[in-house]
Amino acid sequence: MKTKRLTVAQATIEFLKNQYVKRDGVEMPFFAGCFGIFGHGNVAGIGEALKHNLDFKYYQCRNEQAMVHTAAAYAKMKNRMQTFVCTTSIGPGATNMITAAAGATINRLPVLLLPGDFFSKRTASPLLQQLESNFSQDISVNDCFKPISKYWDRINRPEQLTSALLEAMRVLTSPAETGAVTLALPHDVQTEAYDFPTKLFEKRIWYIPRPTPDKYLISKAVEAIKNAKKPMLIAGGGVLYSEAETLLKEFAETTGIPVAETYAGKGALHYQHPLNLGALGGTGTKGANEIAAEADVVIGIGTRYGDFMTASKSAWQNPEVTFININIAEMDAFKHSAIPLQGDAKETLQVLLEALQQYKTEESYTERVKTYNEEWDKIVDTAYEAVDENHPVQSEYIGALNNFIDDKDVVLCAAGSLPGDLHKLWRTKNPKGFHLEYGFSCMGYEIPGGLGVKMADPDREVYVMCGDATYLMLPSDLVTTIQEGYKITMILINNEGYASIGGLSNHVGGGGFGTHYKYRNEETGQLDGDFLPVDFAKNAESLGAIVYKPKGIEAYKEALAKAKTNDRTTVIYVETIRDRKLAGYAYSWWEVPVPEVSISEDVQKIRQQYIEDKKRQKQYLKPNKF
């Protein structure tokens, strides 16, 4: 057997650059390159290997968490067909990745993490940044990645690398099991040489299958749909990853079954389609939530049924409601005691469509859905309309942006009150035009996420919307967007603190405690003094961004026009009225527990309402009789 003598780090990069994926006849490299920050735990290993592999591009970043966010956003934009490697040193470099790695796994997005690790030979222990344990010498901070990784391994000997790399790729390219994959690479092992079999480095194609569900379960699903009077579809992220948007439209039009959208699935159907009910659940539209309350059959496509989508399991009130879940992941397919159609969304929809050619919901039902669609469009018009030209509220900034951008452009957000308003109000015109990280709702995702989206499709303008609190979490990779020439436009809204959680605090009787950016008051001892003199615009400008500070909605529109002509990352800084957010509609409940005992009369009253709201909560335990 022919061999090639390489270090473990060199062999790792040589292997990764030759991994390809293929689906529907389209083939592409799986890795677009490597993000990394070097320290003593990876500079002489992975760092040296990257330096001499110029065909595997290295990207510098400013924060380890940010680079994993960027990789995840890129993978999402590429429908999980391509991603990045992320490498760090041991210690804080590695643990900084944990937050974003959790987000990648929760959102079912592939990212490969290569953190350095302690010396396998233990010759110099304890190392700088090494975690010591009194019950084992075989533990490091990288063990923290275990519960948030879909595959985890530590390479203690060069011989272990071959099987570990193949297993890592198996998981990364699995539509059902993908997420963060961690290969911990000890300092010394990275630099050790070994005679690796040359076949390991030959081009390897990982075929992405489109499996179909069990035929008997398909027949039971068809039977349930044919007997349905008020069925509904839920478009989740799996519709987009499977590239099933066109088929979803055909399925809805053929059967007359309306479509509601999750955060990840928004854009699966054009917002003007008469069967599009829009956002569902805790941040849902009037029509989507009212149809859900009456639905007798719910067809969930590629959704994991997060609590916002289910209105904390209060969305479906029909006691006889039957769920049919189309999902590549077994765990998600079985949720809510569903008829589990485990398979590819596109292939499964095609099979169902062929069996349902003669099925159609009643015309009165589709007309009702059409009316909801039209009514909601008028509500959006009202929300977009400027009430006070000089003091715009958040929905007006959203509306002006939505009306300005091209159909193919992308809006991106992750945390705060903006996701809820965007879910309800954004008029999606293309499947990739709405990019929300709402599985983890990670503050700080916005800038690196915007970078990842832009890298995935440079021809689109990328508009990042975020509040001041999430901006302060991770502004550093504005520098990376400028360094690499990937321009994004950020709308930075100053809410003087944590506006979203402040509103929630008010809702549960907390009075917004701890959510304003204020000085400590010497008289009260609390953080209720004057507002802090933070200049977000100057901060962004100091990092290299072009900055505009428009006053009023017309000036904001002018800033958007100027930003579009710029070739460098641009920040549009605006201010708003903190507490004027869009109200919820029709059963848009989200469970946040309220103290059972409190000295506050407000909390006591809200607790009683909480008890009433919980009465609508269901467990959806209807048994299947197969």
# chains A, B, ... in the order shown; residues from 1 in each chain; ligands from 1
call {"tool": "select_by_dssp", "arguments": {"residues": "segment 290-364 of chain A", "states": "alpha helix (DSSP H)", "output": "ChimeraX atom specification"}}
result
/A:290-294,330-333,345-355,363-364
call {"tool": "write_last_selection", "arguments": {"atoms": "C-alpha atoms", "output": "CSV table (one decimal), in the first residue's frame"}}
result
chain,number,residue,atom,x,y,z
A,290,GLU,CA,-56.6,31.1,13.9
A,291,ILE,CA,-56.3,28.4,11.2
A,292,ALA,CA,-54.0,26.5,13.5
A,293,ALA,CA,-56.4,26.6,16.4
A,294,GLU,CA,-59.1,24.8,14.3
A,330,GLU,CA,-36.3,10.6,13.1
A,331,MET,CA,-36.6,12.5,16.4
A,332,ASP,CA,-38.4,15.4,14.7
A,333,ALA,CA,-40.6,13.1,12.6
A,345,ALA,CA,-38.9,16.8,2.1
A,346,LYS,CA,-38.8,17.2,-1.7
A,347,GLU,CA,-39.2,13.5,-2.4
A,348,THR,CA,-41.8,13.0,0.2
A,349,LEU,CA,-43.9,15.9,-1.0
A,350,GLN,CA,-43.7,14.5,-4.5
A,351,VAL,CA,-45.0,11.1,-3.4
A,352,LEU,CA,-47.9,12.7,-1.4
A,353,LEU,CA,-48.8,15.0,-4.3
A,354,GLU,CA,-49.1,12.0,-6.7
A,355,ALA,CA,-51.5,10.3,-4.3
A,363,GLU,CA,-63.6,26.5,-1.7
A,364,SER,CA,-64.9,28.3,1.4
call {"tool": "residues_around", "arguments": {"residues": "Leu356 of chain A", "least_positions_apart": "2", "cutoff": "12 Å", "atoms": "only C-alpha atoms", "output": "PyMOL selection string"}}
result
chain A and resi 218-219+221-227+250-257+349-354+358-361
call {"tool": "write_last_selection", "arguments": {"atoms": "N, CA, C and O atoms", "output": "compact mmCIF listing (two decimals), in the first residue's frame"}}
result
# COMPACT_ATOMS: atom_id res chain seq x y z
N ILE A 218 -46.85 6.26 4.42
CA ILE A 218 -47.33 7.19 3.39
C ILE A 218 -48.83 6.98 3.18
O ILE A 218 -49.61 7.95 3.09
N SER A 219 -49.24 5.74 3.11
CA SER A 219 -50.67 5.46 2.87
C SER A 219 -51.53 5.96 4.03
O SER A 219 -52.64 6.46 3.81
N ALA A 221 -50.78 8.51 5.96
CA ALA A 221 -50.78 9.96 5.87
C ALA A 221 -51.77 10.43 4.80
O ALA A 221 -52.53 11.39 5.01
N VAL A 222 -51.77 9.76 3.66
CA VAL A 222 -52.69 10.11 2.58
C VAL A 222 -54.14 9.95 3.05
O VAL A 222 -55.00 10.80 2.79
N GLU A 223 -54.40 8.87 3.75
CA GLU A 223 -55.75 8.63 4.27
C GLU A 223 -56.17 9.75 5.22
O GLU A 223 -57.31 10.24 5.15
N ALA A 224 -55.25 10.17 6.11
CA ALA A 224 -55.57 11.23 7.07
C ALA A 224 -55.85 12.56 6.35
O ALA A 224 -56.78 13.29 6.71
N ILE A 225 -55.07 12.85 5.33
CA ILE A 225 -55.25 14.11 4.59
C ILE A 225 -56.56 14.10 3.83
O ILE A 225 -57.30 15.09 3.81
N LYS A 226 -56.89 12.97 3.20
CA LYS A 226 -58.13 12.88 2.43
C LYS A 226 -59.37 13.06 3.32
O LYS A 226 -60.42 13.52 2.85
N ASN A 227 -59.25 12.71 4.58
CA ASN A 227 -60.37 12.86 5.51
C ASN A 227 -60.40 14.22 6.20
O ASN A 227 -61.32 14.51 6.98
N GLU A 250 -46.67 23.88 -5.59
CA GLU A 250 -47.55 23.02 -6.38
C GLU A 250 -48.45 22.18 -5.48
O GLU A 250 -49.65 22.01 -5.77
N PHE A 251 -47.90 21.68 -4.40
CA PHE A 251 -48.67 20.86 -3.46
C PHE A 251 -49.80 21.67 -2.85
O PHE A 251 -50.96 21.22 -2.77
N ALA A 252 -49.49 22.90 -2.42
CA ALA A 252 -50.49 23.76 -1.80
C ALA A 252 -51.60 24.11 -2.80
O ALA A 252 -52.79 24.06 -2.47
N GLU A 253 -51.21 24.44 -4.03
CA GLU A 253 -52.19 24.82 -5.04
C GLU A 253 -53.07 23.65 -5.48
O GLU A 253 -54.27 23.81 -5.73
N THR A 254 -52.48 22.47 -5.55
CA THR A 254 -53.24 21.28 -5.97
C THR A 254 -54.26 20.87 -4.92
O THR A 254 -55.40 20.52 -5.23
N THR A 255 -53.84 20.91 -3.65
CA THR A 255 -54.69 20.42 -2.57
C THR A 255 -55.52 21.51 -1.89
O THR A 255 -56.49 21.20 -1.19
N GLY A 256 -55.10 22.76 -2.07
CA GLY A 256 -55.79 23.85 -1.38
C GLY A 256 -55.42 23.96 0.09
O GLY A 256 -56.11 24.63 0.86
N ILE A 257 -54.33 23.31 0.49
CA ILE A 257 -53.91 23.34 1.90
C ILE A 257 -53.03 24.57 2.13
O ILE A 257 -52.02 24.75 1.44
N LEU A 349 -42.85 15.06 -0.50
CA LEU A 349 -43.93 15.88 -1.04
C LEU A 349 -44.36 15.38 -2.41
O LEU A 349 -45.56 15.37 -2.73
N GLN A 350 -43.40 14.96 -3.21
CA GLN A 350 -43.72 14.47 -4.55
C GLN A 350 -44.57 13.21 -4.46
O GLN A 350 -45.57 13.07 -5.19
N VAL A 351 -44.23 12.31 -3.57
CA VAL A 351 -45.00 11.08 -3.40
C VAL A 351 -46.41 11.39 -2.92
O VAL A 351 -47.41 10.84 -3.43
N LEU A 352 -46.53 12.28 -1.95
CA LEU A 352 -47.86 12.66 -1.45
C LEU A 352 -48.69 13.35 -2.52
O LEU A 352 -49.89 13.11 -2.65
N LEU A 353 -48.04 14.22 -3.28
CA LEU A 353 -48.76 14.95 -4.32
C LEU A 353 -49.37 14.01 -5.35
O LEU A 353 -50.52 14.19 -5.78
N GLU A 354 -48.62 13.01 -5.73
CA GLU A 354 -49.13 12.04 -6.71
C GLU A 354 -50.33 11.27 -6.18
O GLU A 354 -51.23 10.91 -6.95
N GLN A 358 -56.64 13.98 -6.55
CA GLN A 358 -58.09 14.15 -6.53
C GLN A 358 -58.59 14.83 -5.26
O GLN A 358 -59.80 15.05 -5.11
N TYR A 359 -57.67 15.19 -4.36
CA TYR A 359 -58.09 15.81 -3.10
C TYR A 359 -58.02 17.33 -3.21
O TYR A 359 -57.08 17.89 -3.78
N LYS A 360 -59.01 18.01 -2.64
CA LYS A 360 -59.02 19.47 -2.62
C LYS A 360 -59.85 19.94 -1.43
O LYS A 360 -60.94 19.42 -1.19
N THR A 361 -59.31 20.89 -0.68
CA THR A 361 -60.10 21.46 0.41
C THR A 361 -61.27 22.23 -0.16
O THR A 361 -61.29 22.61 -1.34
call {"tool": "closest_residue", "arguments": {"among": "A:Phe196, A:Phe434, A:Tyr271, A:Phe30", "to": "Met77 of chain A", "atoms": "only C-alpha atoms"}}
result
A:Phe434
call {"tool": "residues_around", "arguments": {"residues": "Met169 of chain A", "least_positions_apart": "3", "cutoff": "10 Å", "atoms": "only C-alpha atoms", "output": "VMD selection string"}}
result
chain A and resid 16 19 to 20 30 110 112 151 164 to 166 172 to 174 178 181 206
call {"tool": "select_by_dssp", "arguments": {"residues": "segment 157-392 of chain A", "states": "strand (DSSP E or B)", "output": "CSV table (one decimal) with all heavy atoms, in the first residue's frame"}}
result
chain,number,residue,atom,x,y,z
A,180,ALA,N,-22.5,20.5,14.7
A,180,ALA,CA,-21.1,20.8,15.0
A,180,ALA,C,-20.4,19.4,15.2
A,180,ALA,O,-20.9,18.5,15.9
A,180,ALA,CB,-20.9,21.6,16.2
A,181,VAL,N,-19.2,19.3,14.6
A,181,VAL,CA,-18.4,18.1,14.8
A,181,VAL,C,-17.0,18.6,15.3
A,181,VAL,O,-16.4,19.6,14.8
A,181,VAL,CB,-18.2,17.4,13.4
A,181,VAL,CG1,-17.0,16.3,13.5
A,181,VAL,CG2,-19.4,16.7,13.0
A,182,THR,N,-16.5,18.0,16.4
A,182,THR,CA,-15.3,18.4,17.0
A,182,THR,C,-14.3,17.3,17.0
A,182,THR,O,-14.5,16.2,17.4
A,182,THR,CB,-15.6,18.8,18.5
A,182,THR,OG1,-16.6,19.8,18.6
A,182,THR,CG2,-14.3,19.3,19.2
A,183,LEU,N,-13.1,17.7,16.5
A,183,LEU,CA,-11.9,16.8,16.5
A,183,LEU,C,-10.8,17.5,17.3
A,183,LEU,O,-10.2,18.5,16.8
A,183,LEU,CB,-11.4,16.4,15.1
A,183,LEU,CG,-12.3,15.7,14.2
A,183,LEU,CD1,-11.6,15.4,12.9
A,183,LEU,CD2,-12.8,14.4,14.9
A,184,ALA,N,-10.6,17.1,18.5
A,184,ALA,CA,-9.6,17.7,19.4
A,184,ALA,C,-8.3,17.2,19.0
A,184,ALA,O,-8.0,16.0,19.0
A,184,ALA,CB,-10.0,17.5,20.9
A,185,LEU,N,-7.3,18.1,18.8
A,185,LEU,CA,-6.0,17.8,18.3
A,185,LEU,C,-4.9,18.2,19.3
A,185,LEU,O,-4.6,19.4,19.3
A,185,LEU,CB,-5.8,18.4,16.9
A,185,LEU,CG,-6.7,18.0,15.8
A,185,LEU,CD1,-6.5,18.9,14.6
A,185,LEU,CD2,-6.6,16.6,15.4
A,186,PRO,N,-4.4,17.3,20.1
A,186,PRO,CA,-3.3,17.6,21.0
A,186,PRO,C,-2.2,18.3,20.3
A,186,PRO,O,-1.8,18.0,19.2
A,186,PRO,CB,-2.9,16.3,21.6
A,186,PRO,CG,-4.1,15.4,21.5
A,186,PRO,CD,-4.8,15.9,20.2
A,193,ALA,N,4.7,13.0,12.7
A,193,ALA,CA,4.7,12.5,11.3
A,193,ALA,C,4.3,11.0,11.3
A,193,ALA,O,4.5,10.3,12.3
A,193,ALA,CB,6.0,12.7,10.6
A,194,TYR,N,3.6,10.6,10.2
A,194,TYR,CA,3.1,9.3,10.1
A,194,TYR,C,3.0,8.9,8.6
A,194,TYR,O,2.7,9.8,7.8
A,194,TYR,CB,1.8,9.1,10.8
A,194,TYR,CG,1.2,7.7,10.8
A,194,TYR,CD1,1.7,6.7,11.6
A,194,TYR,CD2,0.1,7.4,10.0
A,194,TYR,CE1,1.2,5.4,11.6
A,194,TYR,CE2,-0.4,6.1,10.0
A,194,TYR,CZ,0.1,5.1,10.8
A,194,TYR,OH,-0.4,3.9,10.8
A,195,ASP,N,3.1,7.7,8.3
A,195,ASP,CA,3.0,7.2,6.9
A,195,ASP,C,1.5,6.9,6.7
A,195,ASP,O,1.0,5.8,6.9
A,195,ASP,CB,3.8,6.0,6.6
A,195,ASP,CG,5.3,6.3,6.7
A,195,ASP,OD1,5.7,7.4,6.2
A,195,ASP,OD2,6.1,5.5,7.3
A,196,PHE,N,0.8,7.9,6.2
A,196,PHE,CA,-0.7,7.7,5.9
A,196,PHE,C,-0.9,7.1,4.5
A,196,PHE,O,-0.2,7.4,3.6
A,196,PHE,CB,-1.4,9.1,5.9
A,196,PHE,CG,-1.4,9.7,7.3
A,196,PHE,CD1,-0.5,10.6,7.7
A,196,PHE,CD2,-2.4,9.4,8.2
A,196,PHE,CE1,-0.5,11.2,8.9
A,196,PHE,CE2,-2.5,10.0,9.5
A,196,PHE,CZ,-1.5,10.9,9.8
A,197,PRO,N,-1.9,6.2,4.4
A,197,PRO,CA,-2.2,5.7,3.1
A,197,PRO,C,-2.6,6.7,2.1
A,197,PRO,O,-3.4,7.6,2.4
A,197,PRO,CB,-3.3,4.7,3.4
A,197,PRO,CG,-3.9,5.1,4.7
A,197,PRO,CD,-2.8,5.8,5.4
A,204,ARG,N,-12.8,12.3,-2.7
A,204,ARG,CA,-13.8,11.5,-2.1
A,204,ARG,C,-15.2,12.2,-2.2
A,204,ARG,O,-15.3,13.4,-1.7
A,204,ARG,CB,-13.5,11.1,-0.6
A,204,ARG,CG,-14.4,10.1,0.0
A,204,ARG,CD,-14.0,9.8,1.4
A,204,ARG,NE,-12.6,9.3,1.4
A,204,ARG,CZ,-12.3,8.0,1.4
A,204,ARG,NH1,-13.2,7.1,1.4
A,204,ARG,NH2,-11.0,7.6,1.5
A,205,ILE,N,-16.2,11.6,-2.8
A,205,ILE,CA,-17.5,12.2,-3.0
A,205,ILE,C,-18.5,11.6,-2.0
A,205,ILE,O,-18.7,10.4,-2.0
A,205,ILE,CB,-18.0,12.1,-4.4
A,205,ILE,CG1,-17.0,12.7,-5.4
A,205,ILE,CG2,-19.4,12.7,-4.6
A,205,ILE,CD1,-17.3,12.5,-6.9
A,206,TRP,N,-19.1,12.5,-1.2
A,206,TRP,CA,-20.1,12.0,-0.3
A,206,TRP,C,-21.5,12.4,-0.9
A,206,TRP,O,-21.8,13.5,-1.1
A,206,TRP,CB,-20.0,12.8,1.1
A,206,TRP,CG,-18.6,12.5,1.7
A,206,TRP,CD1,-17.4,13.0,1.4
A,206,TRP,CD2,-18.4,11.5,2.7
A,206,TRP,NE1,-16.5,12.5,2.2
A,206,TRP,CE2,-17.0,11.5,3.0
A,206,TRP,CE3,-19.2,10.6,3.4
A,206,TRP,CZ2,-16.4,10.7,3.9
A,206,TRP,CZ3,-18.6,9.7,4.3
A,206,TRP,CH2,-17.2,9.8,4.6
A,207,TYR,N,-22.2,11.3,-1.3
A,207,TYR,CA,-23.5,11.5,-1.9
A,207,TYR,C,-24.6,11.8,-0.9
A,207,TYR,O,-24.7,11.1,0.1
A,207,TYR,CB,-23.9,10.2,-2.7
A,207,TYR,CG,-25.2,10.3,-3.4
A,207,TYR,CD1,-25.3,11.1,-4.6
A,207,TYR,CD2,-26.3,9.7,-2.9
A,207,TYR,CE1,-26.5,11.2,-5.2
A,207,TYR,CE2,-27.5,9.7,-3.6
A,207,TYR,CZ,-27.6,10.5,-4.7
A,207,TYR,OH,-28.8,10.6,-5.4
A,231,PRO,N,-57.0,21.2,7.0
A,231,PRO,CA,-55.6,20.8,7.1
A,231,PRO,C,-54.8,22.1,6.9
A,231,PRO,O,-55.2,23.1,6.4
A,231,PRO,CB,-55.4,19.9,6.0
A,231,PRO,CG,-56.4,20.3,4.9
A,231,PRO,CD,-57.6,20.8,5.6
A,232,MET,N,-53.5,22.0,7.4
A,232,MET,CA,-52.6,23.1,7.2
A,232,MET,C,-51.2,22.5,7.1
A,232,MET,O,-50.9,21.4,7.6
A,232,MET,CB,-52.6,24.1,8.3
A,232,MET,CG,-52.0,23.7,9.7
A,232,MET,SD,-52.1,24.9,11.0
A,232,MET,CE,-51.1,26.2,10.3
A,233,LEU,N,-50.3,23.3,6.3
A,233,LEU,CA,-48.9,22.9,6.2
A,233,LEU,C,-48.1,23.9,7.0
A,233,LEU,O,-48.4,25.0,7.1
A,233,LEU,CB,-48.5,23.0,4.7
A,233,LEU,CG,-49.0,22.0,3.7
A,233,LEU,CD1,-49.1,22.6,2.3
A,233,LEU,CD2,-48.2,20.8,3.7
A,234,ILE,N,-47.0,23.3,7.6
A,234,ILE,CA,-46.0,24.2,8.2
A,234,ILE,C,-44.7,24.0,7.5
A,234,ILE,O,-44.1,23.0,7.5
A,234,ILE,CB,-45.8,23.8,9.7
A,234,ILE,CG1,-47.1,23.8,10.5
A,234,ILE,CG2,-44.8,24.7,10.4
A,234,ILE,CD1,-47.0,23.3,11.9
A,235,ALA,N,-44.2,25.1,6.9
A,235,ALA,CA,-43.0,25.1,6.2
A,235,ALA,C,-41.8,25.5,7.1
A,235,ALA,O,-41.7,26.6,7.6
A,235,ALA,CB,-43.0,26.1,5.0
A,259,VAL,N,-50.4,27.4,3.9
A,259,VAL,CA,-49.0,27.2,4.4
A,259,VAL,C,-48.7,28.3,5.5
A,259,VAL,O,-48.9,29.5,5.2
A,259,VAL,CB,-48.0,27.3,3.3
A,259,VAL,CG1,-46.6,27.2,3.8
A,259,VAL,CG2,-48.2,26.3,2.2
A,260,ALA,N,-48.3,27.9,6.6
A,260,ALA,CA,-47.7,28.8,7.6
A,260,ALA,C,-46.2,28.6,7.7
A,260,ALA,O,-45.7,27.5,7.4
A,260,ALA,CB,-48.4,28.5,9.0
A,261,GLU,N,-45.5,29.6,8.2
A,261,GLU,CA,-44.1,29.6,8.1
A,261,GLU,C,-43.4,29.7,9.5
A,261,GLU,O,-43.8,30.5,10.3
A,261,GLU,CB,-43.5,30.7,7.3
A,261,GLU,CG,-44.1,30.7,5.8
A,261,GLU,CD,-43.7,32.0,5.1
A,261,GLU,OE1,-43.9,33.1,5.7
A,261,GLU,OE2,-43.3,32.0,4.0
A,276,ASN,N,-50.6,31.6,1.5
A,276,ASN,CA,-49.6,31.8,2.5
A,276,ASN,C,-50.2,32.6,3.7
A,276,ASN,O,-50.6,33.7,3.6
A,276,ASN,CB,-48.4,32.6,1.9
A,276,ASN,CG,-47.2,32.7,2.8
A,276,ASN,OD1,-47.3,32.4,4.0
A,276,ASN,ND2,-46.1,33.2,2.3
A,277,LEU,N,-50.2,31.9,4.8
A,277,LEU,CA,-50.8,32.5,6.0
A,277,LEU,C,-49.7,33.3,6.8
A,277,LEU,O,-50.0,34.0,7.7
A,277,LEU,CB,-51.3,31.4,6.9
A,277,LEU,CG,-52.6,30.7,6.5
A,277,LEU,CD1,-52.8,29.4,7.3
A,277,LEU,CD2,-53.8,31.6,6.6
A,278,GLY,N,-48.4,33.1,6.4
A,278,GLY,CA,-47.4,33.9,7.1
A,278,GLY,C,-46.9,33.2,8.3
A,278,GLY,O,-47.0,32.0,8.5
A,279,ALA,N,-46.4,34.0,9.2
A,279,ALA,CA,-45.7,33.5,10.4
A,279,ALA,C,-46.7,32.8,11.3
A,279,ALA,O,-47.9,33.1,11.5
A,279,ALA,CB,-45.1,34.7,11.2
A,297,VAL,N,-55.8,18.4,10.7
A,297,VAL,CA,-54.5,17.8,10.2
A,297,VAL,C,-53.4,18.8,10.1
A,297,VAL,O,-53.7,19.8,9.4
A,297,VAL,CB,-54.7,17.0,8.9
A,297,VAL,CG1,-53.4,16.5,8.4
A,297,VAL,CG2,-55.6,15.8,9.2
A,298,VAL,N,-52.3,18.6,10.6
A,298,VAL,CA,-51.1,19.5,10.5
A,298,VAL,C,-50.0,18.7,9.9
A,298,VAL,O,-49.6,17.7,10.4
A,298,VAL,CB,-50.7,20.0,11.9
A,298,VAL,CG1,-49.5,20.9,11.8
A,298,VAL,CG2,-51.8,20.7,12.6
A,299,ILE,N,-49.5,19.2,8.7
A,299,ILE,CA,-48.4,18.6,8.0
A,299,ILE,C,-47.2,19.4,8.2
A,299,ILE,O,-47.0,20.5,7.6
A,299,ILE,CB,-48.8,18.5,6.5
A,299,ILE,CG1,-50.1,17.8,6.3
A,299,ILE,CG2,-47.6,17.7,5.8
A,299,ILE,CD1,-50.6,17.9,4.9
A,300,GLY,N,-46.3,19.0,9.1
A,300,GLY,CA,-45.1,19.7,9.4
A,300,GLY,C,-44.0,19.2,8.5
A,300,GLY,O,-43.7,18.1,8.4
A,301,ILE,N,-43.4,20.2,7.7
A,301,ILE,CA,-42.3,19.8,6.8
A,301,ILE,C,-41.0,20.4,7.2
A,301,ILE,O,-40.8,21.6,7.2
A,301,ILE,CB,-42.7,20.3,5.4
A,301,ILE,CG1,-44.1,19.9,5.0
A,301,ILE,CG2,-41.7,19.8,4.3
A,301,ILE,CD1,-44.6,20.6,3.7
A,322,THR,N,-54.5,15.7,14.1
A,322,THR,CA,-53.6,14.7,13.7
A,322,THR,C,-52.4,15.3,13.1
A,322,THR,O,-52.5,16.2,12.2
A,322,THR,CB,-54.2,13.7,12.7
A,322,THR,OG1,-55.2,13.0,13.3
A,322,THR,CG2,-53.1,12.7,12.2
A,323,PHE,N,-51.2,15.0,13.5
A,323,PHE,CA,-49.9,15.5,12.9
A,323,PHE,C,-49.3,14.5,12.0
A,323,PHE,O,-49.3,13.3,12.2
A,323,PHE,CB,-48.9,15.8,14.0
A,323,PHE,CG,-49.3,17.0,14.9
A,323,PHE,CD1,-50.2,16.9,16.0
A,323,PHE,CD2,-48.8,18.3,14.6
A,323,PHE,CE1,-50.5,18.0,16.7
A,323,PHE,CE2,-49.2,19.4,15.3
A,323,PHE,CZ,-50.0,19.2,16.4
A,324,ILE,N,-48.8,15.0,10.9
A,324,ILE,CA,-48.1,14.3,9.9
A,324,ILE,C,-46.7,15.0,9.7
A,324,ILE,O,-46.7,16.2,9.3
A,324,ILE,CB,-48.8,14.2,8.5
A,324,ILE,CG1,-50.1,13.5,8.7
A,324,ILE,CG2,-47.9,13.5,7.5
A,324,ILE,CD1,-51.0,13.6,7.4
A,325,ASN,N,-45.7,14.4,10.1
A,325,ASN,CA,-44.4,15.1,10.1
A,325,ASN,C,-43.5,14.5,9.0
A,325,ASN,O,-43.1,13.3,9.1
A,325,ASN,CB,-43.7,15.0,11.5
A,325,ASN,CG,-44.4,15.8,12.5
A,325,ASN,OD1,-45.2,16.7,12.2
A,325,ASN,ND2,-44.1,15.5,13.8
A,326,ILE,N,-43.1,15.4,8.1
A,326,ILE,CA,-42.1,15.0,7.0
A,326,ILE,C,-40.8,15.6,7.5
A,326,ILE,O,-40.6,16.8,7.6
A,326,ILE,CB,-42.5,15.7,5.7
A,326,ILE,CG1,-43.9,15.2,5.3
A,326,ILE,CG2,-41.5,15.3,4.6
A,326,ILE,CD1,-44.5,15.9,4.1
A,327,ASN,N,-39.9,14.7,7.8
A,327,ASN,CA,-38.6,15.2,8.4
A,327,ASN,C,-37.5,14.1,8.1
A,327,ASN,O,-37.8,12.9,8.3
A,327,ASN,CB,-38.7,15.5,9.8
A,327,ASN,CG,-37.7,16.6,10.3
A,327,ASN,OD1,-36.5,16.4,10.2
A,327,ASN,ND2,-38.2,17.7,10.7
A,339,ILE,N,-47.9,10.9,12.5
A,339,ILE,CA,-47.5,9.9,11.6
A,339,ILE,C,-46.2,10.2,11.0
A,339,ILE,O,-46.0,11.3,10.4
A,339,ILE,CB,-48.6,9.8,10.4
A,339,ILE,CG1,-50.0,9.5,11.0
A,339,ILE,CG2,-48.2,8.8,9.3
A,339,ILE,CD1,-51.1,9.7,9.9
A,340,PRO,N,-45.2,9.5,11.3
A,340,PRO,CA,-43.8,9.9,11.0
A,340,PRO,C,-43.3,9.5,9.6
A,340,PRO,O,-43.1,8.4,9.3
A,340,PRO,CB,-43.0,9.1,12.1
A,340,PRO,CG,-43.7,7.9,12.3
A,340,PRO,CD,-45.2,8.2,12.1
A,341,LEU,N,-43.2,10.5,8.8
A,341,LEU,CA,-42.7,10.3,7.4
A,341,LEU,C,-41.3,10.7,7.4
A,341,LEU,O,-40.9,11.9,7.0
A,341,LEU,CB,-43.5,11.1,6.4
A,341,LEU,CG,-45.0,10.8,6.4
A,341,LEU,CD1,-45.7,11.6,5.3
A,341,LEU,CD2,-45.3,9.3,6.3
A,342,GLN,N,-40.4,9.8,7.8
A,342,GLN,CA,-39.0,10.1,7.8
A,342,GLN,C,-38.4,10.0,6.4
A,342,GLN,O,-38.3,8.9,5.8
A,342,GLN,CB,-38.2,9.2,8.8
A,342,GLN,CG,-36.8,9.6,9.0
A,342,GLN,CD,-36.0,8.6,9.9
A,342,GLN,OE1,-36.6,7.6,10.4
A,342,GLN,NE2,-34.7,8.9,10.1
call {"tool": "residues_around", "arguments": {"residues": "Leu412 of chain A", "least_positions_apart": "6", "cutoff": "6 Å", "atoms": "only C-alpha atoms", "output": "list of chain:residue names"}}
result
A:His435, A:Leu436, A:Val464
call {"tool": "write_last_selection", "arguments": {"atoms": "C-alpha atoms", "output": "short mmCIF file (atom, residue, chain, number, x, y, z; two decimals), in the first residue's frame"}}
result
data_model
loop_
_atom_site.label_atom_id
_atom_site.label_comp_id
_atom_site.auth_asym_id
_atom_site.auth_seq_id
_atom_site.Cartn_x
_atom_site.Cartn_y
_atom_site.Cartn_z
CA HIS A 435 -32.08 34.71 7.28
CA LEU A 436 -32.93 34.39 10.97
CA VAL A 464 -28.09 43.06 8.96
#
call {"tool": "closest_residue", "arguments": {"among": "A:Asp535, A:Ala414, A:Asp381, A:Thr470", "to": "Gly399 of chain A", "atoms": "only C-alpha atoms"}}
result
A:Asp381
